[in-house]
Amino acid sequence: MVEQSSWSRMSQEDPAHSAAYVERFRRLAAEGADLAGEARLVDALLPRGARVLDAGCGPGRVGAVLFAAGHEVVGVDADPVLIAAAEADHPGPHWLVGDLAELDLPDRFDGIVCAGNVMAFLAPSTRSEVLRRLRTHLRPDGRAAIGFGAGRGYAFEEFLADADGAGLTPDVLLSTWDLRPYSPDADFLVAVLRPA
């Protein structure tokens with residue numbers, strides 16, 4: 001039996017979960033909340049007009065900002081409700097329904113962003129494979145920015161070991177998307193990784 005991700009489990013237990021998630025971010029955007037922090041960091045890592053993979057893109061908020069900044073964006077998420085919202089709210093990027101553990105796109109990317117606790121939502125048995133596939137989709141000089149919170153069942157040390165096993169090495173470790181330094185007691189990790 002294939003292990004289910006925690007996102008899939010939550011959506012199965014509450015069929016309105018994904019729609020509520022979409023509406024939460026629509027409401028925050030309407031209220032003027034700053035939802036672009038992850039995209040600002042990734043934009044700063046990239047050359048102009050870069051190809052970017054938004055891995056676990058959700059309803060498209062990060063990829064949309066990167067697209068507006070002039071990047072070519074492909075967003076992938078396993079949840080069709082979230083992809084439908086991305087298509088409706090953020091035309092321009094190429095949005096795809098897909099499992100990151102099976103990611104096999106013909107393209108290679110200058111940058112990959114994996115925000116919104118995606119790594120912690122994955123089924124534990126797929127985490128290493130997802131990282132390996134992200135590494136495969138990075139150009140040799142590309143970088144991936146992956147962020148998630150502590151206490152979500154994926155220790156930062158385990159993640160970094162899995163990234164190393166997938167052929168990704170840290171350039172910079174941060175505790176926030178706004179460039180605060182990482183420390184072992186941080187409650188969030190943003191890892192900027194490059195091919196080893």
# chains A, B, ... in the order shown; residues from 1 in each chain; ligands from 1

call {"tool": "select_by_dssp", "arguments": {"residues": "segment 27-147 of chain A", "states": "strand (DSSP E)", "output": "ChimeraX atom specification"}}
result
/A:51-55,72-77,94-97,109-114,138-147

call {"tool": "residues_around", "arguments": {"residues": "His137 of chain A", "least_positions_apart": "5", "cutoff": "8 Å", "atoms": "only C-alpha atoms", "output": "mmCIF file with C-alpha atoms, in the first residue's frame"}}
result
data_model
loop_
_atom_site.group_PDB
_atom_site.id
_atom_site.type_symbol
_atom_site.label_atom_id
_atom_site.label_comp_id
_atom_site.auth_asym_id
_atom_site.auth_seq_id
_atom_site.Cartn_x
_atom_site.Cartn_y
_atom_site.Cartn_z
ATOM 1 C CA LEU A 105 9.214 17.121 -16.777
ATOM 2 C CA ASP A 107 12.550 20.922 -18.663
ATOM 3 C CA ARG A 108 15.435 21.830 -16.404
ATOM 4 C CA PHE A 109 15.102 24.889 -14.207
#

call {"tool": "closest_residue", "arguments": {"among": "A:Ala155, A:Ile112, A:Val190, A:Ala166", "to": "Ala55 of chain A", "atoms": "only C-alpha atoms"}}
result
A:Ile112

call {"tool": "residues_around", "arguments": {"residues": "segment 88-100 of chain A", "least_positions_apart": "4", "cutoff": "8 Å", "atoms": "only C-alpha atoms", "output": "ChimeraX atom specification"}}
result
/A:55-56,59-61,63-64,67,72-80,83-84,130,133

call {"tool": "write_last_selection", "arguments": {"atoms": "N, CA and C atoms", "output": "PDB file, in the first residue's frame"}}
result
ATOM      1  N   ALA A  55       7.367  23.969  -6.859  1.00  0.00           N
ATOM      2  CA  ALA A  55       7.073  22.582  -6.485  1.00  0.00           C
ATOM      3  C   ALA A  55       6.150  22.550  -5.281  1.00  0.00           C
ATOM      4  N   GLY A  56       4.946  22.024  -5.478  1.00  0.00           N
ATOM      5  CA  GLY A  56       3.934  22.090  -4.440  1.00  0.00           C
ATOM      6  C   GLY A  56       3.338  23.484  -4.422  1.00  0.00           C
ATOM      7  N   PRO A  59      -2.255  27.160  -4.512  1.00  0.00           N
ATOM      8  CA  PRO A  59      -3.086  27.998  -5.364  1.00  0.00           C
ATOM      9  C   PRO A  59      -2.300  29.052  -6.154  1.00  0.00           C
ATOM     10  N   GLY A  60      -0.976  28.937  -6.175  1.00  0.00           N
ATOM     11  CA  GLY A  60      -0.178  29.719  -7.110  1.00  0.00           C
ATOM     12  C   GLY A  60       0.354  31.051  -6.635  1.00  0.00           C
ATOM     13  N   ARG A  61       0.261  31.361  -5.363  1.00  0.00           N
ATOM     14  CA  ARG A  61       0.650  32.696  -4.911  1.00  0.00           C
ATOM     15  C   ARG A  61       2.132  32.996  -5.135  1.00  0.00           C
ATOM     16  N   GLY A  63       4.368  31.359  -7.332  1.00  0.00           N
ATOM     17  CA  GLY A  63       4.654  31.337  -8.765  1.00  0.00           C
ATOM     18  C   GLY A  63       4.114  32.552  -9.488  1.00  0.00           C
ATOM     19  N   ALA A  64       2.964  33.059  -9.055  1.00  0.00           N
ATOM     20  CA  ALA A  64       2.372  34.234  -9.696  1.00  0.00           C
ATOM     21  C   ALA A  64       3.260  35.461  -9.535  1.00  0.00           C
ATOM     22  N   PHE A  67       6.248  35.027 -11.786  1.00  0.00           N
ATOM     23  CA  PHE A  67       5.842  35.261 -13.169  1.00  0.00           C
ATOM     24  C   PHE A  67       5.733  36.766 -13.428  1.00  0.00           C
ATOM     25  N   GLU A  72       9.783  32.643 -16.201  1.00  0.00           N
ATOM     26  CA  GLU A  72       8.945  31.604 -16.796  1.00  0.00           C
ATOM     27  C   GLU A  72       8.691  30.569 -15.698  1.00  0.00           C
ATOM     28  N   VAL A  73       7.416  30.366 -15.348  1.00  0.00           N
ATOM     29  CA  VAL A  73       7.075  29.565 -14.181  1.00  0.00           C
ATOM     30  C   VAL A  73       6.230  28.360 -14.554  1.00  0.00           C
ATOM     31  N   VAL A  74       6.620  27.214 -14.010  1.00  0.00           N
ATOM     32  CA  VAL A  74       5.816  25.998 -14.057  1.00  0.00           C
ATOM     33  C   VAL A  74       5.510  25.631 -12.611  1.00  0.00           C
ATOM     34  N   GLY A  75       4.222  25.480 -12.301  1.00  0.00           N
ATOM     35  CA  GLY A  75       3.817  25.100 -10.955  1.00  0.00           C
ATOM     36  C   GLY A  75       3.199  23.715 -10.961  1.00  0.00           C
ATOM     37  N   VAL A  76       3.576  22.895  -9.997  1.00  0.00           N
ATOM     38  CA  VAL A  76       3.074  21.526  -9.899  1.00  0.00           C
ATOM     39  C   VAL A  76       2.529  21.300  -8.496  1.00  0.00           C
ATOM     40  N   ASP A  77       1.331  20.734  -8.416  1.00  0.00           N
ATOM     41  CA  ASP A  77       0.750  20.361  -7.131  1.00  0.00           C
ATOM     42  C   ASP A  77      -0.131  19.139  -7.346  1.00  0.00           C
ATOM     43  N   ALA A  78      -0.181  18.278  -6.347  1.00  0.00           N
ATOM     44  CA  ALA A  78      -0.978  17.052  -6.454  1.00  0.00           C
ATOM     45  C   ALA A  78      -2.473  17.306  -6.276  1.00  0.00           C
ATOM     46  N   ASP A  79      -2.844  18.459  -5.733  1.00  0.00           N
ATOM     47  CA  ASP A  79      -4.234  18.743  -5.413  1.00  0.00           C
ATOM     48  C   ASP A  79      -4.911  19.491  -6.572  1.00  0.00           C
ATOM     49  N   PRO A  80      -5.847  18.849  -7.268  1.00  0.00           N
ATOM     50  CA  PRO A  80      -6.489  19.514  -8.410  1.00  0.00           C
ATOM     51  C   PRO A  80      -7.313  20.746  -8.024  1.00  0.00           C
ATOM     52  N   ILE A  83      -4.764  23.556  -7.982  1.00  0.00           N
ATOM     53  CA  ILE A  83      -4.351  23.909  -9.346  1.00  0.00           C
ATOM     54  C   ILE A  83      -5.466  24.674 -10.061  1.00  0.00           C
ATOM     55  N   ALA A  84      -6.710  24.275  -9.873  1.00  0.00           N
ATOM     56  CA  ALA A  84      -7.828  25.006 -10.478  1.00  0.00           C
ATOM     57  C   ALA A  84      -7.856  26.451  -9.978  1.00  0.00           C
ATOM     58  N   VAL A 130      11.360  12.740  -3.672  1.00  0.00           N
ATOM     59  CA  VAL A 130      11.004  14.092  -4.116  1.00  0.00           C
ATOM     60  C   VAL A 130      12.261  14.937  -4.231  1.00  0.00           C
ATOM     61  N   ARG A 133      14.198  13.960  -7.292  1.00  0.00           N
ATOM     62  CA  ARG A 133      13.576  14.456  -8.523  1.00  0.00           C
ATOM     63  C   ARG A 133      13.732  15.966  -8.674  1.00  0.00           C
TER      64      ARG A 133
END

call {"tool": "closest_residue", "arguments": {"among": "A:Gly49, A:Gly58, A:Gly111, A:Gly151", "to": "Glu87 of chain A", "atoms": "only C-alpha atoms"}}
result
A:Gly58

call {"tool": "closest_residue", "arguments": {"among": "A:Leu160, A:Ala29, A:Leu122, A:Cys57", "to": "Ala86 of chain A", "atoms": "only C-alpha atoms"}}
result
A:Cys57

call {"tool": "select_by_dssp", "arguments": {"residues": "chain A", "states": "alpha helix (DSSP H)", "output": "PyMOL selection string"}}
result
chain A and resi 6-13+17-30+37-45+61-68+80-89+118-121+127-137+156-165

call {"tool": "residues_around", "arguments": {"residues": "Pro195 of chain A", "least_positions_apart": "2", "cutoff": "10 Å", "atoms": "only C-alpha atoms", "output": "count of residues only"}}
result
19

call {"tool": "atom_distance", "arguments": {"atom1": "atom CA of Asp162 of chain A", "atom2": "atom CA of Met119 of chain A"}}
result
11.3 Å

call {"tool": "residues_around", "arguments": {"residues": "Tyr154 of chain A", "least_positions_apart": "5", "cutoff": "10 Å", "atoms": "only C-alpha atoms", "output": "list in words"}}
result
Met119, Ala120, Phe121, Leu122, Pro124, Arg127, Phe148, Gly149 and Phe159 of chain A

call {"tool": "write_last_selection", "arguments": {"atoms": "N, CA, C and O atoms", "output": "mmCIF file, in the first residue's frame"}}
result
data_model
loop_
_atom_site.group_PDB
_atom_site.id
_atom_site.type_symbol
_atom_site.label_atom_id
_atom_site.label_comp_id
_atom_site.auth_asym_id
_atom_site.auth_seq_id
_atom_site.Cartn_x
_atom_site.Cartn_y
_atom_site.Cartn_z
ATOM 1 N N MET A 119 7.345 20.112 2.104
ATOM 2 C CA MET A 119 8.165 18.957 2.483
ATOM 3 C C MET A 119 7.584 18.221 3.681
ATOM 4 O O MET A 119 7.647 16.997 3.760
ATOM 5 N N ALA A 120 6.985 18.959 4.602
ATOM 6 C CA ALA A 120 6.402 18.329 5.782
ATOM 7 C C ALA A 120 5.071 17.649 5.476
ATOM 8 O O ALA A 120 4.665 16.737 6.196
ATOM 9 N N PHE A 121 4.389 18.071 4.421
ATOM 10 C CA PHE A 121 3.120 17.442 4.036
ATOM 11 C C PHE A 121 3.330 16.137 3.275
ATOM 12 O O PHE A 121 2.424 15.317 3.181
ATOM 13 N N LEU A 122 4.518 15.927 2.712
ATOM 14 C CA LEU A 122 4.780 14.715 1.924
ATOM 15 C C LEU A 122 4.703 13.469 2.798
ATOM 16 O O LEU A 122 5.011 13.513 3.994
ATOM 17 N N PRO A 124 6.278 10.483 4.418
ATOM 18 C CA PRO A 124 7.691 10.303 4.758
ATOM 19 C C PRO A 124 8.442 9.378 3.797
ATOM 20 O O PRO A 124 9.611 9.620 3.502
ATOM 21 N N ARG A 127 9.850 11.438 0.683
ATOM 22 C CA ARG A 127 10.657 12.656 0.818
ATOM 23 C C ARG A 127 11.977 12.587 0.064
ATOM 24 O O ARG A 127 12.343 13.522 -0.661
ATOM 25 N N PHE A 148 10.210 25.028 5.421
ATOM 26 C CA PHE A 148 9.132 24.410 6.196
ATOM 27 C C PHE A 148 9.417 24.579 7.679
ATOM 28 O O PHE A 148 10.547 24.866 8.088
ATOM 29 N N GLY A 149 8.368 24.401 8.470
ATOM 30 C CA GLY A 149 8.460 24.632 9.900
ATOM 31 C C GLY A 149 8.862 23.415 10.703
ATOM 32 O O GLY A 149 8.688 22.268 10.277
ATOM 33 N N PHE A 159 16.055 16.231 7.071
ATOM 34 C CA PHE A 159 15.876 16.841 5.754
ATOM 35 C C PHE A 159 17.222 17.117 5.096
ATOM 36 O O PHE A 159 17.437 16.793 3.923
#

call {"tool": "residues_around", "arguments": {"residues": "Ala44 of chain A", "least_positions_apart": "2", "cutoff": "12 Å", "atoms": "only C-alpha atoms", "output": "PDB file with N, CA and C atoms, in the first residue's frame"}}
result
ATOM      1  N   GLY A  37       6.790  37.004   0.268  1.00  0.00           N
ATOM      2  CA  GLY A  37       8.128  36.893   0.847  1.00  0.00           C
ATOM      3  C   GLY A  37       8.985  35.801   0.234  1.00  0.00           C
ATOM      4  N   GLU A  38       8.394  34.625   0.052  1.00  0.00           N
ATOM      5  CA  GLU A  38       9.154  33.518  -0.546  1.00  0.00           C
ATOM      6  C   GLU A  38       9.601  33.881  -1.966  1.00  0.00           C
ATOM      7  N   ALA A  39       8.689  34.488  -2.712  1.00  0.00           N
ATOM      8  CA  ALA A  39       9.004  34.851  -4.100  1.00  0.00           C
ATOM      9  C   ALA A  39      10.103  35.903  -4.163  1.00  0.00           C
ATOM     10  N   ARG A  40      10.111  36.852  -3.226  1.00  0.00           N
ATOM     11  CA  ARG A  40      11.167  37.867  -3.234  1.00  0.00           C
ATOM     12  C   ARG A  40      12.534  37.234  -3.049  1.00  0.00           C
ATOM     13  N   LEU A  41      12.637  36.277  -2.115  1.00  0.00           N
ATOM     14  CA  LEU A  41      13.919  35.621  -1.901  1.00  0.00           C
ATOM     15  C   LEU A  41      14.344  34.858  -3.159  1.00  0.00           C
ATOM     16  N   VAL A  42      13.428  34.095  -3.733  1.00  0.00           N
ATOM     17  CA  VAL A  42      13.766  33.305  -4.919  1.00  0.00           C
ATOM     18  C   VAL A  42      14.133  34.211  -6.088  1.00  0.00           C
ATOM     19  N   LEU A  46      17.908  34.515  -8.674  1.00  0.00           N
ATOM     20  CA  LEU A  46      17.832  34.131 -10.082  1.00  0.00           C
ATOM     21  C   LEU A  46      18.261  35.229 -11.045  1.00  0.00           C
ATOM     22  N   PRO A  47      18.748  34.817 -12.224  1.00  0.00           N
ATOM     23  CA  PRO A  47      18.940  35.809 -13.286  1.00  0.00           C
ATOM     24  C   PRO A  47      17.570  36.239 -13.819  1.00  0.00           C
ATOM     25  N   ARG A  48      17.518  37.368 -14.478  1.00  0.00           N
ATOM     26  CA  ARG A  48      16.253  37.825 -15.066  1.00  0.00           C
ATOM     27  C   ARG A  48      15.769  36.816 -16.101  1.00  0.00           C
ATOM     28  N   GLY A  49      14.461  36.621 -16.159  1.00  0.00           N
ATOM     29  CA  GLY A  49      13.864  35.723 -17.148  1.00  0.00           C
ATOM     30  C   GLY A  49      14.190  34.264 -16.931  1.00  0.00           C
ATOM     31  N   ALA A  50      14.409  33.871 -15.688  1.00  0.00           N
ATOM     32  CA  ALA A  50      14.792  32.488 -15.381  1.00  0.00           C
ATOM     33  C   ALA A  50      13.595  31.542 -15.511  1.00  0.00           C
ATOM     34  N   LEU A  66       6.527  35.443  -9.047  1.00  0.00           N
ATOM     35  CA  LEU A  66       7.724  35.217  -9.868  1.00  0.00           C
ATOM     36  C   LEU A  66       7.426  35.442 -11.350  1.00  0.00           C
ATOM     37  N   ALA A  69       7.352  39.027 -12.068  1.00  0.00           N
ATOM     38  CA  ALA A  69       8.708  39.579 -12.078  1.00  0.00           C
ATOM     39  C   ALA A  69       9.464  39.236 -13.359  1.00  0.00           C
ATOM     40  N   HIS A  71       9.760  35.958 -14.779  1.00  0.00           N
ATOM     41  CA  HIS A  71      10.283  34.600 -14.897  1.00  0.00           C
ATOM     42  C   HIS A  71       9.279  33.691 -15.587  1.00  0.00           C
ATOM     43  N   GLY A 111      15.802  27.700 -11.161  1.00  0.00           N
ATOM     44  CA  GLY A 111      15.449  27.756  -9.761  1.00  0.00           C
ATOM     45  C   GLY A 111      14.234  26.915  -9.446  1.00  0.00           C
ATOM     46  N   ARG A 143      19.562  26.671  -8.360  1.00  0.00           N
ATOM     47  CA  ARG A 143      19.415  26.575  -6.911  1.00  0.00           C
ATOM     48  C   ARG A 143      17.957  26.338  -6.548  1.00  0.00           C
ATOM     49  N   ALA A 145      15.167  26.649  -3.317  1.00  0.00           N
ATOM     50  CA  ALA A 145      14.858  27.223  -2.007  1.00  0.00           C
ATOM     51  C   ALA A 145      13.685  26.447  -1.426  1.00  0.00           C
ATOM     52  N   TRP A 177      12.089  33.396   5.480  1.00  0.00           N
ATOM     53  CA  TRP A 177      12.208  33.787   4.078  1.00  0.00           C
ATOM     54  C   TRP A 177      12.750  35.207   3.945  1.00  0.00           C
ATOM     55  N   ASP A 178      12.820  35.963   5.050  1.00  0.00           N
ATOM     56  CA  ASP A 178      13.362  37.326   4.987  1.00  0.00           C
ATOM     57  C   ASP A 178      14.797  37.391   5.529  1.00  0.00           C
ATOM     58  N   LEU A 179      15.528  36.312   5.336  1.00  0.00           N
ATOM     59  CA  LEU A 179      16.986  36.266   5.483  1.00  0.00           C
ATOM     60  C   LEU A 179      17.515  36.293   6.912  1.00  0.00           C
ATOM     61  N   VAL A 192      18.644  27.055   1.033  1.00  0.00           N
ATOM     62  CA  VAL A 192      18.973  27.352  -0.359  1.00  0.00           C
ATOM     63  C   VAL A 192      20.027  26.332  -0.754  1.00  0.00           C
TER      64      VAL A 192
END

call {"tool": "closest_residue", "arguments": {"among": "A:Leu82, A:Ala123, A:Glu157, A:Arg132", "to": "Val22 of chain A", "atoms": "only C-alpha atoms"}}
result
A:Leu82

call {"tool": "closest_residue", "arguments": {"among": "A:Val172, A:Asp185, A:Asp43, A:Val81", "to": "Ser18 of chain A", "atoms": "only C-alpha atoms"}}
result
A:Val81

call {"tool": "residues_around", "arguments": {"residues": "Ser183 of chain A", "least_positions_apart": "3", "cutoff": "8 Å", "atoms": "only C-alpha atoms", "output": "mmCIF file with N, CA and C atoms, in the first residue's frame"}}
result
data_model
loop_
_atom_site.group_PDB
_atom_site.id
_atom_site.type_symbol
_atom_site.label_atom_id
_atom_site.label_comp_id
_atom_site.auth_asym_id
_atom_site.auth_seq_id
_atom_site.Cartn_x
_atom_site.Cartn_y
_atom_site.Cartn_z
ATOM 1 N N LEU A 174 18.691 29.510 6.390
ATOM 2 C CA LEU A 174 18.045 30.650 7.029
ATOM 3 C C LEU A 174 16.925 30.149 7.932
ATOM 4 N N SER A 175 16.467 31.013 8.829
ATOM 5 C CA SER A 175 15.341 30.635 9.678
ATOM 6 C C SER A 175 14.037 31.298 9.235
ATOM 7 N N ALA A 186 16.032 27.078 15.705
ATOM 8 C CA ALA A 186 15.052 27.802 14.882
ATOM 9 C C ALA A 186 13.771 26.983 14.730
#

call {"tool": "atom_distance", "arguments": {"atom1": "atom CA of Thr176 of chain A", "atom2": "atom CA of Ala191 of chain A"}}
result
9.5 Å

call {"tool": "atom_distance", "arguments": {"atom1": "atom CA of Leu53 of chain A", "atom2": "atom CA of Asn117 of chain A"}}
result
15.9 Å
